[in-house]
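Q: Let me give you the structure first, and then I'll get to my questions.
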Amino acid sequence: MEIVKNFKRYRTRLALLLAVIGPGIVTANVDNDAGGIATYSVAGAHYGNGLLWMMPLVAVLLIVIQEMSARLGVITGKGLSALIRESLGVRLSVIILGILLFANLANTVSEFAGVAASMEIFGVSKFISVPIAAILVWFVAIKFDYKSVERLFLVASAIYITYVISGIMAKPDWNEVLTATVSPSFHFDSSYVTLAVTIVGTTIAPWMQFYQQSSIADKALKAKDYVYEQIDVVVGSIFAVLVAAFITIACASTLYKANLHIETAQDAAMALGPLAGEYAKILFGLGLLNASVFSASILPLSTAYVVCEAFGWESGLNNSWKEAPIFFGIYTALIVLGAAIILLPVRSLVEMMLASQTLNGVLLPVILVVMLRLINDKRIMGKFVNGRIMNIFSWVTVIALTGLTTIMILTTLFPGLFG
């Protein structure tokens, strides 16, 4: 009888977990976008397994930041933009909004660039692939409610397993991989420092905090769901970093050993063909396509949430176009602009992407400090404020990320800074 009771109890808990799970996994994994995949590919191709030691560190940083974001969303039932407006004023909201809007547009452009690059691997022109991807992305958000869209996003997250398979097919030396993962090393040359900082910057972006919190609010999660949402965050963060590690391992085991330097994820996929087999190339290319379409969906969605929450306009995928015209209008405009720019012969596309990364670097420390202020406000969080140990750990994380993003900005503006 006791066994039956325990089984029912565990089944109930599992059902609750499955009902809650989603925002943490989706948010963490969507940041393995075209730019992220390119970063991890270059890291493996140029430095072998030499940067794998950063992966456990990045996982911890990601969990800490995303957990605070999730807690704010679950306890308040509001998005981060709405909390900033209500607690810190409209002026700060508008400043943050302006920077995030430009950065997210540039990032959306880069995602459609990823769509174009991934399909070119299979011989499909960008004039075919980009419009189809844009229409698909738009249609999904316009026609389905939050629950349905989240399920699609969870499937997209699962497809990242292609990179794990690619890494295994590359036949790495697992003893070497394990040693590199647990043995920190650092080199003070410009390329290494820039790449190390970019790995952190591409994994933890400002828009993530806004999207995760807004999706939690859209899903109507409550304080009783907090423990399950913590699991969602931890599982999502670990899986996202595991995928990043396997991308690095795949390129380290093939391109690095063949002394092939690359600049993009497309280069990595093409080079994997003769070195690790055609299937590895196909899996890598499909992973890039999935990541690009996935991110091209989330980034405009995150921006629409931010703008509408900042001004108190109706938002959310559970609304119709008539109920939330500004929300869906912003979403549509960003997709159209992002796709259109890729189809034009724009010469300054790379500069635009670099500018978006710089703006992300400027905005991230500001967002983290604001989050810490909000999460320690008992009027907002009640008993769910940070404890002393969590505050110490959080502030150390903020200081570390601020230092790293400062280095990223400086190395972007002054490429020869570290010699």
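By convention here, the chains of the structure tokens are called A, B, ... in the order presented, each chain's residues are numbered starting at 1, and ligands are numbered starting at 1 in the order presented.
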As a PyMOL selection string, which residues of stretch 81-282 of chain A does DSSP assign to helix (DSSP H, G or I)?
A: chain A and resi 81-88+90-120+126-143+146-158+161-169+174-182+190-203+206-218+223-256+265-276+278-282
Q: Which residues are near stretch 285-298 of chain A? Cut-off 8 Å, only C-alpha atoms, ignore same chain within fewer than 4 positions. Put them as a ChimeraX atom specification.
A: /A:30-34,37,108,111-112,114-115,118-119,121,133,137-138,141,153,156,159-160,162-163,211,265-266,269,281,302,335
Q: Which residues are close to A:Val369, i.e. within 10 Å by only C-alpha atoms, leaving aside same-chain residues fewer than 6 positions away? Reply as a PyMOL selection string.
A: chain A and resi 375+394-395+398-399
Q: Residues at most 12 Å from stretch 337-344 of chain A, counting only C-alpha atoms, excluding those fewer than 4 positions away in the same chain, as a PDB file with C-alpha atoms, in the first residue's frame?
A:
ATOM      1  CA  PHE A 102      18.894  47.935 -31.535  1.00  0.00           C
ATOM      2  CA  ALA A 103      20.942  45.021 -30.178  1.00  0.00           C
ATOM      3  CA  ASN A 104      18.091  42.553 -30.700  1.00  0.00           C
ATOM      4  CA  LEU A 105      17.471  43.762 -34.250  1.00  0.00           C
ATOM      5  CA  ALA A 106      21.145  43.218 -35.060  1.00  0.00           C
ATOM      6  CA  ASN A 107      21.030  39.795 -33.392  1.00  0.00           C
ATOM      7  CA  THR A 108      17.900  38.880 -35.371  1.00  0.00           C
ATOM      8  CA  VAL A 109      19.739  39.798 -38.562  1.00  0.00           C
ATOM      9  CA  SER A 110      22.582  37.477 -37.540  1.00  0.00           C
ATOM     10  CA  GLU A 111      20.102  34.617 -36.979  1.00  0.00           C
ATOM     11  CA  PHE A 112      18.758  34.972 -40.510  1.00  0.00           C
ATOM     12  CA  ALA A 113      22.375  35.076 -41.678  1.00  0.00           C
ATOM     13  CA  GLY A 114      22.717  31.720 -39.914  1.00  0.00           C
ATOM     14  CA  VAL A 115      19.677  30.400 -41.802  1.00  0.00           C
ATOM     15  CA  ALA A 116      21.238  31.499 -45.096  1.00  0.00           C
ATOM     16  CA  ALA A 117      24.637  30.001 -44.231  1.00  0.00           C
ATOM     17  CA  SER A 125      20.062  30.026 -52.031  1.00  0.00           C
ATOM     18  CA  LYS A 126      19.396  32.562 -49.284  1.00  0.00           C
ATOM     19  CA  PHE A 127      16.696  34.082 -51.504  1.00  0.00           C
ATOM     20  CA  ILE A 128      14.730  30.870 -50.964  1.00  0.00           C
ATOM     21  CA  SER A 129      15.713  29.830 -47.428  1.00  0.00           C
ATOM     22  CA  VAL A 130      15.442  33.194 -45.635  1.00  0.00           C
ATOM     23  CA  PRO A 131      11.900  34.138 -46.813  1.00  0.00           C
ATOM     24  CA  ILE A 132      10.626  30.624 -46.036  1.00  0.00           C
ATOM     25  CA  ALA A 133      12.191  30.701 -42.561  1.00  0.00           C
ATOM     26  CA  ALA A 134      10.778  34.186 -41.891  1.00  0.00           C
ATOM     27  CA  ILE A 135       7.250  33.150 -42.902  1.00  0.00           C
ATOM     28  CA  LEU A 136       7.489  29.964 -40.812  1.00  0.00           C
ATOM     29  CA  VAL A 137       8.717  31.847 -37.742  1.00  0.00           C
ATOM     30  CA  TRP A 138       5.999  34.480 -38.094  1.00  0.00           C
ATOM     31  CA  SER A 292      19.151  29.968 -36.362  1.00  0.00           C
ATOM     32  CA  VAL A 293      15.411  29.457 -36.930  1.00  0.00           C
ATOM     33  CA  SER A 295      16.702  32.074 -32.249  1.00  0.00           C
ATOM     34  CA  ALA A 296      15.040  34.046 -35.045  1.00  0.00           C
ATOM     35  CA  SER A 297      11.752  33.168 -33.323  1.00  0.00           C
ATOM     36  CA  LEU A 299      14.690  37.302 -30.225  1.00  0.00           C
ATOM     37  CA  PRO A 300      11.804  39.240 -31.850  1.00  0.00           C
ATOM     38  CA  ILE A 330       6.635  44.614 -33.203  1.00  0.00           C
ATOM     39  CA  TYR A 331       7.239  40.883 -33.610  1.00  0.00           C
ATOM     40  CA  THR A 332       6.295  41.046 -37.296  1.00  0.00           C
ATOM     41  CA  ALA A 333       8.372  44.176 -37.958  1.00  0.00           C
ATOM     42  CA  SER A 348      28.265  46.750 -43.014  1.00  0.00           C
ATOM     43  CA  LEU A 349      26.544  43.585 -41.745  1.00  0.00           C
ATOM     44  CA  VAL A 350      29.600  42.423 -39.777  1.00  0.00           C
ATOM     45  CA  MET A 352      26.293  45.748 -37.176  1.00  0.00           C
ATOM     46  CA  MET A 353      26.750  42.378 -35.513  1.00  0.00           C
TER      47      MET A 353
END
Q: Compile a residue-level contact table for stretch 56-172 of chain A against stretch 219-230 of chain A at a cut-off of 10 Å, reporting for every qualifying residue the shortest atom pair and its distance in Å to one decimal, with only C-alpha atoms counted, rows ordered by chain and ascending number, as CSV.
A:
residue,atom,partner,partner_atom,distance
A:Ile63,CA,A:Gln230,CA,9.0
A:Gln66,CA,A:Gln230,CA,9.0
A:Glu67,CA,A:Gln230,CA,6.3
A:Met68,CA,A:Gln230,CA,9.5
A:Ala70,CA,A:Glu229,CA,7.0
A:Arg71,CA,A:Tyr226,CA,6.8
A:Leu72,CA,A:Ala223,CA,10.0
A:Gly73,CA,A:Leu221,CA,8.0
A:Val74,CA,A:Lys222,CA,5.1
A:Ile75,CA,A:Ala223,CA,5.2
A:Thr76,CA,A:Lys222,CA,8.2
A:Gly77,CA,A:Ala220,CA,6.7
A:Lys78,CA,A:Ala220,CA,9.2
A:Tyr146,CA,A:Lys219,CA,7.2
A:Lys147,CA,A:Lys219,CA,7.7
A:Glu150,CA,A:Lys219,CA,9.5
Q: Those residues you just picked out, can you put them in a file as a PDB file, in the first residue's frame with C-alpha atoms?
A:
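Saved as again.pdb:
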ATOM      1  CA  ILE A  63      22.453  28.857 -13.560  1.00  0.00           C
ATOM      2  CA  GLN A  66      18.778  32.400 -14.831  1.00  0.00           C
ATOM      3  CA  GLU A  67      17.629  31.222 -11.403  1.00  0.00           C
ATOM      4  CA  MET A  68      17.254  34.813 -10.197  1.00  0.00           C
ATOM      5  CA  ALA A  70      13.059  32.699 -12.916  1.00  0.00           C
ATOM      6  CA  ARG A  71      12.438  33.538  -9.251  1.00  0.00           C
ATOM      7  CA  LEU A  72      11.497  37.123 -10.113  1.00  0.00           C
ATOM      8  CA  GLY A  73       9.038  35.849 -12.718  1.00  0.00           C
ATOM      9  CA  VAL A  74       7.472  33.112 -10.607  1.00  0.00           C
ATOM     10  CA  ILE A  75       6.998  35.232  -7.471  1.00  0.00           C
ATOM     11  CA  THR A  76       5.837  38.485  -9.099  1.00  0.00           C
ATOM     12  CA  GLY A  77       4.009  37.065 -12.118  1.00  0.00           C
ATOM     13  CA  LYS A  78       5.457  39.944 -14.163  1.00  0.00           C
ATOM     14  CA  TYR A 146       1.841  29.926 -25.702  1.00  0.00           C
ATOM     15  CA  LYS A 147       1.485  26.245 -24.774  1.00  0.00           C
ATOM     16  CA  GLU A 150       6.512  26.268 -26.117  1.00  0.00           C
TER      17      GLU A 150
END
Q: With only C-alpha atoms as the basis for distance, which of A:Leu404, A:Val366, A:Ala252, A:Val42 is at the shortest distance from A:Gln209?
A: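 Among A:Leu404, A:Val366, A:Ala252, A:Val42, it is A:Val366 that comes nearest to A:Gln209.
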Q: If we count only C-alpha atoms and set the cut-off at 12 Å, which residues sit around A:Asn360, ignoring sequence neighbours fewer than 6 positions away in its own chain? Please answer as JSON, numbers by chain.
A: {"A": [96, 98, 99, 100, 101, 102, 103, 104, 105, 106, 107, 198, 200, 201, 202, 203, 204, 205, 206, 207, 208, 353, 354, 366, 367, 368, 401, 402, 405, 406, 408, 409]}
Q: Any chance you could export the current selection's C-alpha atoms as a CSV table (one decimal), in the first residue's frame?
A:
chain,number,residue,atom,x,y,z
A,96,ILE,CA,17.3,50.1,-21.5
A,98,GLY,CA,16.5,51.7,-26.8
A,99,ILE,CA,19.8,49.7,-26.4
A,100,LEU,CA,18.0,46.4,-26.3
A,101,LEU,CA,15.9,47.2,-29.3
A,102,PHE,CA,18.9,47.9,-31.5
A,103,ALA,CA,20.9,45.0,-30.2
A,104,ASN,CA,18.1,42.6,-30.7
A,105,LEU,CA,17.5,43.8,-34.2
A,106,ALA,CA,21.1,43.2,-35.1
A,107,ASN,CA,21.0,39.8,-33.4
A,198,THR,CA,33.1,36.0,-26.1
A,200,VAL,CA,30.9,34.0,-21.7
A,201,GLY,CA,29.2,36.8,-23.5
A,202,THR,CA,27.5,34.6,-26.1
A,203,THR,CA,26.2,32.3,-23.4
A,204,ILE,CA,24.7,35.0,-21.1
A,205,ALA,CA,22.9,37.8,-22.9
A,206,PRO,CA,20.7,40.5,-21.6
A,207,TRP,CA,17.7,39.5,-23.7
A,208,MET,CA,17.6,36.1,-22.0
A,353,MET,CA,26.8,42.4,-35.5
A,354,LEU,CA,29.8,43.6,-33.7
A,366,VAL,CA,23.2,47.1,-15.9
A,367,ILE,CA,20.5,44.4,-16.1
A,368,LEU,CA,22.2,42.2,-13.5
A,401,LEU,CA,30.8,39.3,-15.7
A,402,THR,CA,31.2,43.1,-15.7
A,405,THR,CA,32.3,42.3,-20.7
A,406,THR,CA,34.6,45.3,-20.2
A,408,MET,CA,35.2,42.2,-24.5
A,409,ILE,CA,34.2,45.8,-25.3
Q: Which is closer to A:Trp174 than all the others in A:Val243, A:Ala250, A:Val197, A:Leu51, using only C-alpha atoms?
A: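 Going through A:Val243, A:Ala250, A:Val197, A:Leu51 one by one, the smallest distance to A:Trp174 is for A:Ala250.
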Q: Mind giving me the straight-line distance from atom CA of A:Val94 to atom CA of A:Tyr305 in Å, one decimal?
A: 13.8 Å
Q: Leaving out A:Val182 and any residue of its chain fewer than 4 positions from it, which residues lie within 12 Å of it when counting only C-alpha atoms, given as a PyMOL selection string?
A: chain A and resi 49-57+175-178
